[in-house]
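Heads up: the structure comes next, in structure tokens.
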Amino acid sequence: MTHISTSPVSSALDVLGTRSQDDIDIDLSVFATEESSQAAERFDDCGYIPLPGLLTPAGLDQLRSEVKALTPLTQRRDFVMECMGGTPRNMTTLGGELITEQAPGISNLYQSAQLMDALGVLLQKQIVVADDPVERHVLNILHKAGDTHGYHIDDYPIAVVMFIESPTCPEGCGRLEFCPAAVGESDSPVDHPPFTRSHHAGDAYVLRSDRLNHRVQPIHDGCLRTVLNFAYGFDGEQIERTPSASILYS
């Protein structure tokens with residue numbers, strides 16, 4: 001279950017309550033930045049909102065413990081995703097069904113009413129859990145030189161990505177890249193110059209992941225990037241499914 005740490009936030013978030021009895025610490029105040037009233041508009045424009053420090057130090061330690069316990073269940077993936085333009089997948093993964101069975105803290109954090117309500121306030125839409133048990137929460141680990149999660153779009157519209165580990169090398173690697181998804185055009189990022197964003201362990205971000213081509217830059221030797229990806233839908237909206245999640249996480 002999820003313990004929510006709070007500090008003074010906007011009146012919109014005050015109605016969400018201040019605590020629950022769960023056990024993963026997150027800081028809801030990161031949803032109430034000075035620009036929060038324009039967050040939904042900015043999200044519609046660019047499809048990305050950073051949530052720096054969403055995981056408290058205690059929450060980060062708790063998730064690291066759960067991820068460590070899950071590591072023996074992960075599977076190595078090295079292939080190209082044909083249904084996403086033949087882009088590479090060189091990474092270690094674990095799908096949602098095993099996470100539900102083996103990591104109740106992660107599963108309960110994903111379903112936390114306070115987290116989902118905070119997202120709903122931020123985006124000005126009703127958020128619902130993913131109906132696909134494989135894709136709803138997944139673990140992605142990049143740990144070998146050249147590991148990358150190649151360009152793709154997701155089935156579900158909202159991805160909340162939480163950083164358990166993030167590369168700290170001075171050259172920079174493992175960064176998020178995203179650009180508008182091509183419609184009737186080339187899927188090459190050359191035609192849609194990407195934005196690049198870096199994050200630290202404990203940070204998170206929200207991405208409009210069904211509309212933006214996005215990838216993780218290849219990591220360097222000795223670096224580690226470990227994230228949890230939470231997938232959500234919008235109430236009443238249909239999901240157009242691809243086989244990519246089942247290929248990568250089943």
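Ordering of the structure tokens sets the chain letters (A, B, ...); residue numbers start at 1 within each chain; ligands are numbered from 1 in the order shown.
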
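Proximity to A:Cys179 at 7 Å, evaluated using only C-alpha atoms and with sequence-adjacent residues fewer than 4 positions away removed, yields His192, Pro193, Pro194, Phe195, Leu212, Asn213 and His214 of chain A.
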
Per residue of stretch 82-144 of chain A within 10 Å of stretch 59-64 of chain A, which atom pair is closest and at what distance in Å (one decimal), using only C-alpha atoms, listed by chain and increasing number, as a tab-separated table?
```
residue	atom	partner	partner_atom	distance
A:Ala103	CA	A:Leu63	CA	9.3
A:Gly105	CA	A:Leu63	CA	7.8
A:Ile106	CA	A:Leu63	CA	7.3
```

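In this comparison, which uses only C-alpha atoms, the residue of A:Pro218, A:Ala204, A:Ile153, A:Ile99 approaching A:Gly85 most closely is A:Ile153.
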
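Of the residues under consideration (A:Arg76, A:Arg215, A:Lys125, A:Arg225), A:Arg215 shows the shortest atom-to-atom contact distance to A:Asp154 when counting only C-alpha atoms.
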
*Give me every strand (DSSP E) residue in stretch 38-250 of chain A, going by DSSP on the backbone, as a VMD selection string.*
chain A and resid 48 to 51 75 to 81 87 to 94 127 to 129 137 to 142 148 to 152 158 to 165 176 to 180 195 to 197 204 to 208 212 to 216 225 to 234

Closest-contact table, stretch 22-92 of chain A side, partner stretch 142-147 of chain A, 7 Å, counting only C-alpha atoms, as JSON lines:
```
{"residue": "A:Asn90", "atom": "CA", "partner": "A:Asp147", "partner_atom": "CA", "distance": 4.8}
{"residue": "A:Met91", "atom": "CA", "partner": "A:Leu142", "partner_atom": "CA", "distance": 5.1}
{"residue": "A:Thr92", "atom": "CA", "partner": "A:Leu142", "partner_atom": "CA", "distance": 6.4}
```

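Between A:Thr93 and the candidates A:Ser112, A:Ser250, A:Phe43, A:Glu240, the tightest atom-to-atom separation, counting only C-alpha atoms, involves A:Ser250.
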